[in-house]
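Chemist: This is the structure, below, for whatever I ask next.
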Amino acid sequence: MNSTTPRRGLACVLAGVLGFASLLFAAPSQALTGETGVDRFGGCLAAQKSGQLLLLVDESSSLKSSDPDANRVKAAQYLAQQLVDYSSRTGVEIDVSIAGFSSGYRQSLGWTTLDAASLAQIDSNLDGFRERNEGNETDYWSALDGARAELAQAPRPAEGRSCQGLAWFTDGKLDFSTSDTTKPFAPNVKLDTQDGVNAAIAAA
C-alpha cells in the first residue's frame with residue numbers, strides 16, 4: 001500500500017458529505033499550494049497513522065427552515081461510519097470528539113477512539129442533534145474558539161506531529177440576536193440594536 005492511499009481514501013469518505021460539512025486542517029504544516037484541508041489532513045494521516053477529528057454541529061434555530069430533515073446529522077453519522085471503514089482498511093487510528101454550537105460552544109462527547117466498538121455510542125450522540133435547533137445565534141467565532149481549545153486538549157502521539165482536523169456541519173448562516181451584550185471579537189460593539197448586530201456580523 002503506498003503512502004497516498006489514506007489521503008485519497010479520506011477524500012472519498014468526505015465526498016458524500018460536503019454539501020453539509022467542511023473540513024479544516026489544524027495541524028502545523030508547510031504551505032502546500034493547491035491542496036485542500038482534506039488533502040492535508042489525509043496526507044498527515046498517511047504519514048503519522050493517527051489523528052484527531054472534531055465534529056462540530058450547528059444547533060441554531062435557523063435550521064428549522066434550512067435543515068428541517070436534520071441532514072447535517074445524517075451527514076455526520078455517514079462520515080463517522082465511513083471513517084470506521086477507512087480506519088479498518090488503512091490501520092489509521094482516529095479519535096473523534098463531538099460538540100455543538102449556537103451562541104457558544106458546547107461539548108457533547110469527549111475524545112473517543114473511532115472504531116466498530118464505539119460507533120453506536122457516537123451515532124447515538126449525533127442523533128441527539130436532530131432536536132437541537134433552538135439556539136438563538138449562529139456564532140462562528142465562539143464555535144471556532146471553542147474548537148481550538150478542544151483540539152489543544154486532544155490526545156497527542158508519543159512521537160511525530162499531531163494530525164488534527166475539524167469537520168463542521170452548518171447551514172452557513174452567521175447570525176446574532178439583539179441583546180444587551182458584546183462579543184469578544186468586537187468588545188466595543190453593543191448588540192442592543194440591529195445596527196449593532198450588523199456591525200458585529202461584519203467584524204466576525
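To be explicit about the labels: the chains of the C-alpha cells are called A, B, and onward in the order shown, and within each one the residues are counted from 1, while ligands get numbers from 1 in the order they are shown.
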Do a neighbour search on Ser65 (chain A) at 12 Å with only C-alpha atoms, toss out local chain neighbours closer than 6 positions, and write the hits as a list in words.
Modeler: Asn71, Asn133, Glu134, Asp171 and Lys173 of chain A
Chemist: Please run DSSP on the backbone and report, as a VMD selection string, all residues within region 12-150 of chain A that come out as strand (DSSP E).
Modeler: chain A and resid 21 to 25 50 to 58 93 to 101 105 to 113
Chemist: With distances taken over only C-alpha atoms, which of A:Leu114, A:Leu55, A:Leu126, A:Ala75 is nearest to Asp95 (chain A)?
Modeler: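 So, comparing all the options, the nearest one is A:Leu114.
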Chemist: What lies within 12 Å of Gln121 (chain A) using only C-alpha atoms, ignoring chain neighbours under 4 positions off, as a PyMOL selection string?
Modeler: chain A and resi 77+80-81+96-98+108-110+112-117+125-128
Chemist: Kindly give the distance, in Å, that separates CA of Val38 (chain A) and CA of Leu79 (chain A), rounded to a single decimal.
Modeler: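 CA of Leu79 (chain A) lies 13.0 Å from CA of Val38 (chain A).
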Chemist: Between CA of Ala76 (chain A) and CA of Trp111 (chain A), what is the distance in Å, rounded to a tenth?
Modeler: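 Here the two named atoms are 15.9 Å from each other.
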Chemist: Restricting the calculation to only C-alpha atoms: of A:Ala167, A:Ala152, A:Leu119, A:Ala46, which residue gets closest to Ala99 (chain A)?
Modeler: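 Checking each of A:Ala167, A:Ala152, A:Leu119, A:Ala46 against Ala99 (chain A), counting only C-alpha atoms, the winner is A:Ala167.
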Chemist: What separation in Å, quoted to one decimal, exists between CA of Pro187 (chain A) and CA of Asn136 (chain A)?
Modeler: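 One can read the CA of Pro187 (chain A) to CA of Asn136 (chain A) distance as 19.7 Å.
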Chemist: Taking into account only C-alpha atoms, which residue in the set A:Asp67, A:Glu93, A:Glu59, A:Asp85 is nearest to Ala47 (chain A)?
Modeler: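 Comparing A:Asp67, A:Glu93, A:Glu59, A:Asp85 against Ala47 (chain A), the winner is A:Glu93.
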Chemist: Pick out the closest residue to Gly165 (chain A) from this set: A:Asp58, A:Glu150, A:Glu137, A:Asp123. Count only C-alpha atoms.
Modeler: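 Counting only C-alpha atoms, the residue closest to Gly165 (chain A) is A:Glu150.
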